[in-house]
Amino acid sequence: MSKKIFSGVQPTGNLHLGNYLGAIKNFVELNNDLENDCIFCVVDLHAITVKQDPKELKNNIRETVATFVACGINPKKSIIFSQSSVPAHSEGAWLLSCVARMGWLNRMTQFKEKAGKDKEKASIGLFSYPVLMAADILLYDSTHVPVGEDQKQHLELCRDIAQRFNNEYKVDNFFKTPEPLIQKEFSRIMSLKDGTKKMSKSELSDLSRINLTDDKDLIVNKIKKAKTDPLPLPSSLDELRERPEAKNLLGIYSSLLNSTMSKSISEFEGKNFSEFKEKLSEVLAEKMDPISKEIKKLMNEKRFLDEILLDGYKKAYEISFLKIKKMHEIIGF
Ligand code: AMP
Ligand code: TRP
């Protein structure tokens, strides 16, 4: 059966290896399957839930498009567009926010993490962020949503919102309940400086992540400086339980090669980190350096990037406009 794929990435700069291995690599595989209809959205409305510099935001929107294309998403096959260009997203979020319950949103762990200690000072947008995400997904009757592990809870909420709308207005199956597509083994890539923390755009130290724009020398240097432990590499998965850094680096290696942890473990068991790091740097540079070069090249082709967004906008507008129109009828406007 053909799948309707939808996913979004925030244009907040510093797209990194976690974004790639946790999400974008999966987007590319889904894009390559001829049976799928894919939509990949640059979620700039989500980005402004925390303060953004307008100039940087504009640049980051283009850089996200460039990254999608450089990683292998074909804009002729998949729709690529920016969320703010299609008004149905904001409107859909409002309509759905009248169905979503405070109690559901209060449980969202990402809000708790991002809002920090002083929740009173967080924007209302940061709190209602998952409702906008639900609108993104539901407007296109999406059946599958590829995301990293950290978005699982938001997807469950999206399913709850869809069901609640269907039940409340007695419109069976009006909104489809989408399935998350989360990589089994490598859905959480961790910081290179602390194997217990997620690799993240907002981490202060640039050494904590491999940015998708990092060149070969930078990659090699960051892997050299990545945190390890004093033991040689283990011979079983069990031994990795207490060794988060070793587990993360072996995970990155396996994921890049589309291999498994057990294969990588048997390749390096008993060896020291310097030998493994050399091999890991080699594989990383081989896979990521061409992507980094292509992103930089595309960033000089602004008109090409803007045309992709314009083309995507037209297609996304048409689909989402019809869904909003039906929502109006159902609600009674
Ligand atoms: P964001 O940059 O927050 O918009 O995330 C874009 C996509 O990358 C989402 O599907 C996230 O779940 C995924 N992602 C972000 N950080 C990581 C990470 N450290 N490991 C795996 N996936 C990630
Ligand atoms: N919230 C997601 C993130 O931070 C981004 C996102 C917005 C998204 N809308 C979406 C992901 C719809 C999947 C589907 O990563």
# chains A, B, ... in the order shown; residues from 1 in each chain; ligands from 1

$ residues_around --residues "Asp150 of chain A" --least-positions-apart "6" --cutoff "9 Å" --atoms "only C-alpha atoms" --output "ChimeraX atom specification"
/A:110,187-188

$ residues_near_ligand --ligand "ligand 2" --cutoff "6 Å" --atoms "only C-alpha atoms and all ligand atoms" --output "ChimeraX atom specification"
/A:6-10,43,133,136-137,145,147

$ residues_near_ligand --ligand "ligand 1" --cutoff "8 Å" --atoms "only C-alpha atoms and all ligand atoms" --output "PyMOL selection string"
chain A and resi 7-12+15-24+43+146-151+186-191+198-201

$ residues_around --residues "Leu256 of chain A" --least-positions-apart "5" --cutoff "9 Å" --atoms "only C-alpha atoms" --output "list in words"
Leu21, Gly251, Val283, Leu284 and Lys287 of chain A

$ write_last_selection --atoms "all heavy atoms" --output "tab-separated table (two decimals), in the first residue's frame"
chain	number	residue	atom	x	y	z
A	21	LEU	N	20.94	11.00	11.00
A	21	LEU	CA	20.77	9.55	11.22
A	21	LEU	C	19.40	9.25	11.84
A	21	LEU	O	18.81	8.20	11.58
A	21	LEU	CB	21.88	9.01	12.12
A	21	LEU	CG	23.30	9.09	11.51
A	21	LEU	CD1	24.33	8.57	12.51
A	21	LEU	CD2	23.40	8.29	10.22
A	251	GLY	N	27.23	2.99	17.56
A	251	GLY	CA	25.92	3.18	16.94
A	251	GLY	C	26.02	4.05	15.70
A	251	GLY	O	25.45	3.75	14.65
A	283	VAL	N	34.88	6.67	7.76
A	283	VAL	CA	33.52	6.41	7.26
A	283	VAL	C	32.68	7.69	7.31
A	283	VAL	O	31.96	8.02	6.37
A	283	VAL	CB	32.85	5.29	8.10
A	283	VAL	CG1	31.39	5.13	7.74
A	283	VAL	CG2	33.58	3.98	7.91
A	284	LEU	N	32.82	8.43	8.43
A	284	LEU	CA	32.06	9.68	8.57
A	284	LEU	C	32.42	10.66	7.47
A	284	LEU	O	31.55	11.26	6.83
A	284	LEU	CB	32.36	10.31	9.92
A	284	LEU	CG	31.35	10.13	11.03
A	284	LEU	CD1	31.92	10.65	12.33
A	284	LEU	CD2	30.03	10.84	10.72
A	287	LYS	N	31.05	9.65	4.09
A	287	LYS	CA	29.60	9.84	3.90
A	287	LYS	C	29.18	11.30	4.01
A	287	LYS	O	28.28	11.75	3.31
A	287	LYS	CB	28.80	9.05	4.96
A	287	LYS	CG	29.06	7.57	4.96
A	287	LYS	CD	28.05	6.84	4.11
A	287	LYS	CE	28.42	5.37	4.05
A	287	LYS	NZ	27.80	4.60	3.03

$ residues_around --residues "Ser202 of chain A" --least-positions-apart "4" --cutoff "10 Å" --atoms "only C-alpha atoms" --output "VMD selection string"
chain A and resid 12 to 14 206

$ write_last_selection --atoms "N, CA, C and O atoms" --output "compact mmCIF listing (two decimals), in the first residue's frame"
# COMPACT_ATOMS: atom_id res chain seq x y z
N THR A 12 16.47 25.91 12.63
CA THR A 12 17.09 26.63 13.73
C THR A 12 18.62 26.55 13.66
O THR A 12 19.29 26.78 14.67
N GLY A 13 19.16 26.21 12.49
CA GLY A 13 20.61 26.19 12.31
C GLY A 13 21.25 24.95 12.90
O GLY A 13 20.60 24.15 13.57
N ASN A 14 22.54 24.77 12.58
CA ASN A 14 23.31 23.65 13.13
C ASN A 14 22.66 22.28 12.94
O ASN A 14 22.65 21.47 13.87
N ASP A 206 30.44 23.26 20.23
CA ASP A 206 30.33 22.74 18.86
C ASP A 206 31.00 21.37 18.76
O ASP A 206 30.68 20.57 17.87

$ closest_atom_pairs --of "segment 180-294 of chain A" --to "segment 59-80 of chain A" --cutoff "12 Å" --atoms "only C-alpha atoms" --output "tab-separated table"
residue	atom	partner	partner_atom	distance
A:Asn211	CA	A:Thr67	CA	11.0
A:Leu212	CA	A:Thr67	CA	7.9
A:Thr213	CA	A:Thr67	CA	8.9
A:Lys287	CA	A:Cys71	CA	10.0
A:Met288	CA	A:Cys71	CA	9.1
A:Asp289	CA	A:Ala70	CA	10.8
A:Pro290	CA	A:Ala70	CA	8.4
A:Ile291	CA	A:Ala70	CA	5.5
A:Ser292	CA	A:Ala70	CA	7.8
A:Lys293	CA	A:Ala70	CA	8.5
A:Glu294	CA	A:Ala70	CA	5.4

$ write_last_selection --atoms "all heavy atoms" --output "compact mmCIF listing (two decimals), in the first residue's frame"
# COMPACT_ATOMS: atom_id res chain seq x y z
N ASN A 211 28.20 18.80 12.72
CA ASN A 211 27.23 19.56 11.92
C ASN A 211 27.27 19.04 10.49
O ASN A 211 28.31 18.60 10.01
CB ASN A 211 27.58 21.04 11.91
CG ASN A 211 27.54 21.64 13.30
OD1 ASN A 211 26.53 21.52 14.00
ND2 ASN A 211 28.62 22.24 13.74
N LEU A 212 26.14 19.13 9.81
CA LEU A 212 26.11 18.63 8.43
C LEU A 212 26.92 19.51 7.49
O LEU A 212 27.18 19.13 6.36
CB LEU A 212 24.67 18.48 7.95
CG LEU A 212 23.84 17.47 8.76
CD1 LEU A 212 22.45 17.30 8.19
CD2 LEU A 212 24.53 16.12 8.86
N THR A 213 27.35 20.69 7.98
CA THR A 213 28.20 21.55 7.16
C THR A 213 29.69 21.41 7.53
O THR A 213 30.52 22.11 6.97
CB THR A 213 27.78 23.03 7.30
OG1 THR A 213 27.64 23.31 8.69
CG2 THR A 213 26.48 23.33 6.59
N LYS A 287 31.05 9.65 4.09
CA LYS A 287 29.60 9.84 3.90
C LYS A 287 29.18 11.30 4.01
O LYS A 287 28.28 11.75 3.31
CB LYS A 287 28.80 9.05 4.96
CG LYS A 287 29.06 7.57 4.96
CD LYS A 287 28.05 6.84 4.11
CE LYS A 287 28.42 5.37 4.05
NZ LYS A 287 27.80 4.60 3.03
N MET A 288 29.79 12.03 4.96
CA MET A 288 29.27 13.35 5.29
C MET A 288 29.94 14.49 4.53
O MET A 288 29.32 15.52 4.30
CB MET A 288 29.35 13.62 6.81
CG MET A 288 28.68 12.57 7.68
SD MET A 288 27.06 12.02 7.12
CE MET A 288 26.06 13.45 7.40
N ASP A 289 31.20 14.31 4.14
CA ASP A 289 31.89 15.41 3.45
C ASP A 289 31.19 15.81 2.13
O ASP A 289 31.02 17.00 1.86
CB ASP A 289 33.37 15.05 3.24
CG ASP A 289 34.19 16.26 2.80
OD1 ASP A 289 34.18 17.27 3.53
OD2 ASP A 289 34.79 16.21 1.71
N PRO A 290 30.76 14.83 1.31
CA PRO A 290 30.04 15.23 0.08
C PRO A 290 28.75 15.99 0.38
O PRO A 290 28.40 16.92 -0.35
CB PRO A 290 29.72 13.90 -0.60
CG PRO A 290 30.63 12.89 0.02
CD PRO A 290 30.94 13.37 1.39
N ILE A 291 28.06 15.61 1.46
CA ILE A 291 26.82 16.32 1.83
C ILE A 291 27.15 17.76 2.21
O ILE A 291 26.52 18.72 1.76
CB ILE A 291 26.09 15.59 2.98
CG1 ILE A 291 25.58 14.23 2.48
CG2 ILE A 291 24.96 16.44 3.56
CD1 ILE A 291 24.83 13.41 3.51
N SER A 292 28.18 17.91 3.03
CA SER A 292 28.59 19.25 3.46
C SER A 292 28.97 20.13 2.25
O SER A 292 28.57 21.30 2.17
CB SER A 292 29.75 19.08 4.45
OG SER A 292 30.61 20.17 4.42
N LYS A 293 29.72 19.53 1.32
CA LYS A 293 30.12 20.31 0.12
C LYS A 293 28.88 20.71 -0.69
O LYS A 293 28.79 21.84 -1.18
CB LYS A 293 31.04 19.45 -0.76
CG LYS A 293 32.43 19.29 -0.21
CD LYS A 293 33.43 19.01 -1.35
CE LYS A 293 34.85 19.00 -0.86
NZ LYS A 293 35.29 17.69 -0.35
N GLU A 294 27.94 19.79 -0.81
CA GLU A 294 26.74 20.07 -1.61
C GLU A 294 25.87 21.14 -0.94
O GLU A 294 25.33 22.02 -1.62
CB GLU A 294 25.95 18.75 -1.80
CG GLU A 294 24.77 18.82 -2.75
CD GLU A 294 25.11 19.13 -4.20
OE1 GLU A 294 26.29 19.02 -4.58
OE2 GLU A 294 24.18 19.49 -4.95

$ closest_residue --among "A:Thr143, A:Asn258, A:Gln183, A:Ser320" --to "Ser85 of chain A" --atoms "only C-alpha atoms"
A:Ser320

$ closest_residue --among "A:Leu34, A:Leu237, A:Ala226, A:Leu250" --to "Met1 of chain A" --atoms "only C-alpha atoms"
A:Leu34

$ select_by_dssp --residues "segment 45-182 of chain A" --states "strand (DSSP E)" --output "PDB file with N, CA, C and O atoms, in the first residue's frame"
ATOM      1  N   ILE A  79       7.302  16.805  -1.957  1.00  0.00           N
ATOM      2  CA  ILE A  79       6.976  18.221  -1.742  1.00  0.00           C
ATOM      3  C   ILE A  79       7.859  18.761  -0.612  1.00  0.00           C
ATOM      4  O   ILE A  79       7.895  18.191   0.476  1.00  0.00           O
ATOM      5  N   ILE A  80       8.559  19.842  -0.900  1.00  0.00           N
ATOM      6  CA  ILE A  80       9.345  20.533   0.135  1.00  0.00           C
ATOM      7  C   ILE A  80       8.802  21.953   0.230  1.00  0.00           C
ATOM      8  O   ILE A  80       8.720  22.652  -0.775  1.00  0.00           O
ATOM      9  N   PHE A  81       8.384  22.370   1.411  1.00  0.00           N
ATOM     10  CA  PHE A  81       7.822  23.727   1.522  1.00  0.00           C
ATOM     11  C   PHE A  81       8.027  24.266   2.934  1.00  0.00           C
ATOM     12  O   PHE A  81       8.396  23.528   3.851  1.00  0.00           O
ATOM     13  N   SER A  82       7.790  25.574   3.079  1.00  0.00           N
ATOM     14  CA  SER A  82       7.917  26.149   4.420  1.00  0.00           C
ATOM     15  C   SER A  82       6.528  26.304   5.026  1.00  0.00           C
ATOM     16  O   SER A  82       5.579  26.723   4.371  1.00  0.00           O
ATOM     17  N   HIS A 144       2.146   8.011   7.697  1.00  0.00           N
ATOM     18  CA  HIS A 144       3.396   7.664   8.390  1.00  0.00           C
ATOM     19  C   HIS A 144       4.258   8.902   8.609  1.00  0.00           C
ATOM     20  O   HIS A 144       4.406   9.714   7.694  1.00  0.00           O
ATOM     21  N   VAL A 145       4.821   8.992   9.806  1.00  0.00           N
ATOM     22  CA  VAL A 145       5.614  10.167  10.154  1.00  0.00           C
ATOM     23  C   VAL A 145       7.008   9.742  10.642  1.00  0.00           C
ATOM     24  O   VAL A 145       7.153   9.233  11.759  1.00  0.00           O
ATOM     25  N   PRO A 146       8.029   9.920   9.801  1.00  0.00           N
ATOM     26  CA  PRO A 146       9.383   9.551  10.226  1.00  0.00           C
ATOM     27  C   PRO A 146       9.986  10.626  11.130  1.00  0.00           C
ATOM     28  O   PRO A 146      10.091  11.781  10.732  1.00  0.00           O
ATOM     29  N   GLU A 179       0.984   6.701  11.845  1.00  0.00           N
ATOM     30  CA  GLU A 179       1.950   5.838  12.553  1.00  0.00           C
ATOM     31  C   GLU A 179       3.303   6.534  12.583  1.00  0.00           C
ATOM     32  O   GLU A 179       3.758   7.034  11.559  1.00  0.00           O
ATOM     33  N   PRO A 180       3.966   6.501  13.742  1.00  0.00           N
ATOM     34  CA  PRO A 180       5.343   7.010  13.750  1.00  0.00           C
ATOM     35  C   PRO A 180       6.280   6.024  13.061  1.00  0.00           C
ATOM     36  O   PRO A 180       6.052   4.814  13.125  1.00  0.00           O
ATOM     37  N   LEU A 181       7.283   6.541  12.374  1.00  0.00           N
ATOM     38  CA  LEU A 181       8.332   5.668  11.823  1.00  0.00           C
ATOM     39  C   LEU A 181       9.617   6.052  12.529  1.00  0.00           C
ATOM     40  O   LEU A 181      10.231   7.069  12.206  1.00  0.00           O
TER      41      LEU A 181
END

$ closest_residue --among "A:Leu157, A:Leu139, A:Val42, A:Leu132" --to "Phe174 of chain A" --atoms "only C-alpha atoms"
A:Leu139

$ select_by_dssp --residues "segment 147-269 of chain A" --states "alpha helix (DSSP H)" --output "PyMOL selection string"
chain A and resi 152-168+216-225+244-256+261-268

$ closest_residue --among "A:Glu275, A:Asp141, A:Glu35, A:Glu286" --to "Leu257 of chain A" --atoms "only C-alpha atoms"
A:Glu286

$ residues_around --residues "segment 323-329 of chain A" --least-positions-apart "3" --cutoff "7 Å" --atoms "only C-alpha atoms" --output "list in words"
Ala88, Gly92, Leu139, Ile319, Ser320, Gly332 and Phe333 of chain A

$ closest_residue --among "A:Lys4, A:Phe111, A:Leu30, A:Asp306" --to "Thr177 of chain A" --atoms "only C-alpha atoms"
A:Lys4

$ residues_around --residues "Asp217 of chain A" --least-positions-apart "4" --cutoff "10 Å" --atoms "only C-alpha atoms" --output "compact mmCIF listing (two decimals) with N, CA, C and O atoms, in the first residue's frame"
# COMPACT_ATOMS: atom_id res chain seq x y z
N ASN A 221 38.79 15.92 13.51
CA ASN A 221 39.19 16.56 14.76
C ASN A 221 38.15 16.33 15.87
O ASN A 221 38.49 16.04 17.01
N LYS A 222 36.86 16.43 15.51
CA LYS A 222 35.82 16.24 16.53
C LYS A 222 35.78 14.80 17.03
O LYS A 222 35.54 14.56 18.21
N SER A 281 36.19 7.93 11.73
CA SER A 281 36.41 9.22 11.03
C SER A 281 36.39 9.02 9.53
O SER A 281 35.84 9.83 8.79
N ALA A 285 33.73 10.84 7.26
CA ALA A 285 34.18 11.80 6.25
C ALA A 285 33.69 11.37 4.87
O ALA A 285 33.22 12.19 4.09
N ASP A 289 31.20 14.31 4.14
CA ASP A 289 31.89 15.41 3.45
C ASP A 289 31.19 15.81 2.13
O ASP A 289 31.02 17.00 1.86

$ atom_distance --atom1 "atom CA of His46 of chain A" --atom2 "atom CA of Gly125 of chain A"
8.0 Å

$ closest_residue --among "A:Thr49, A:Arg243, A:Leu322, A:Ala316" --to "Val86 of chain A" --atoms "only C-alpha atoms"
A:Ala316

$ residues_around --residues "segment 114-124 of chain A" --least-positions-apart "5" --cutoff "9 Å" --atoms "only C-alpha atoms" --output "VMD selection string"
chain A and resid 49 to 50 109 129
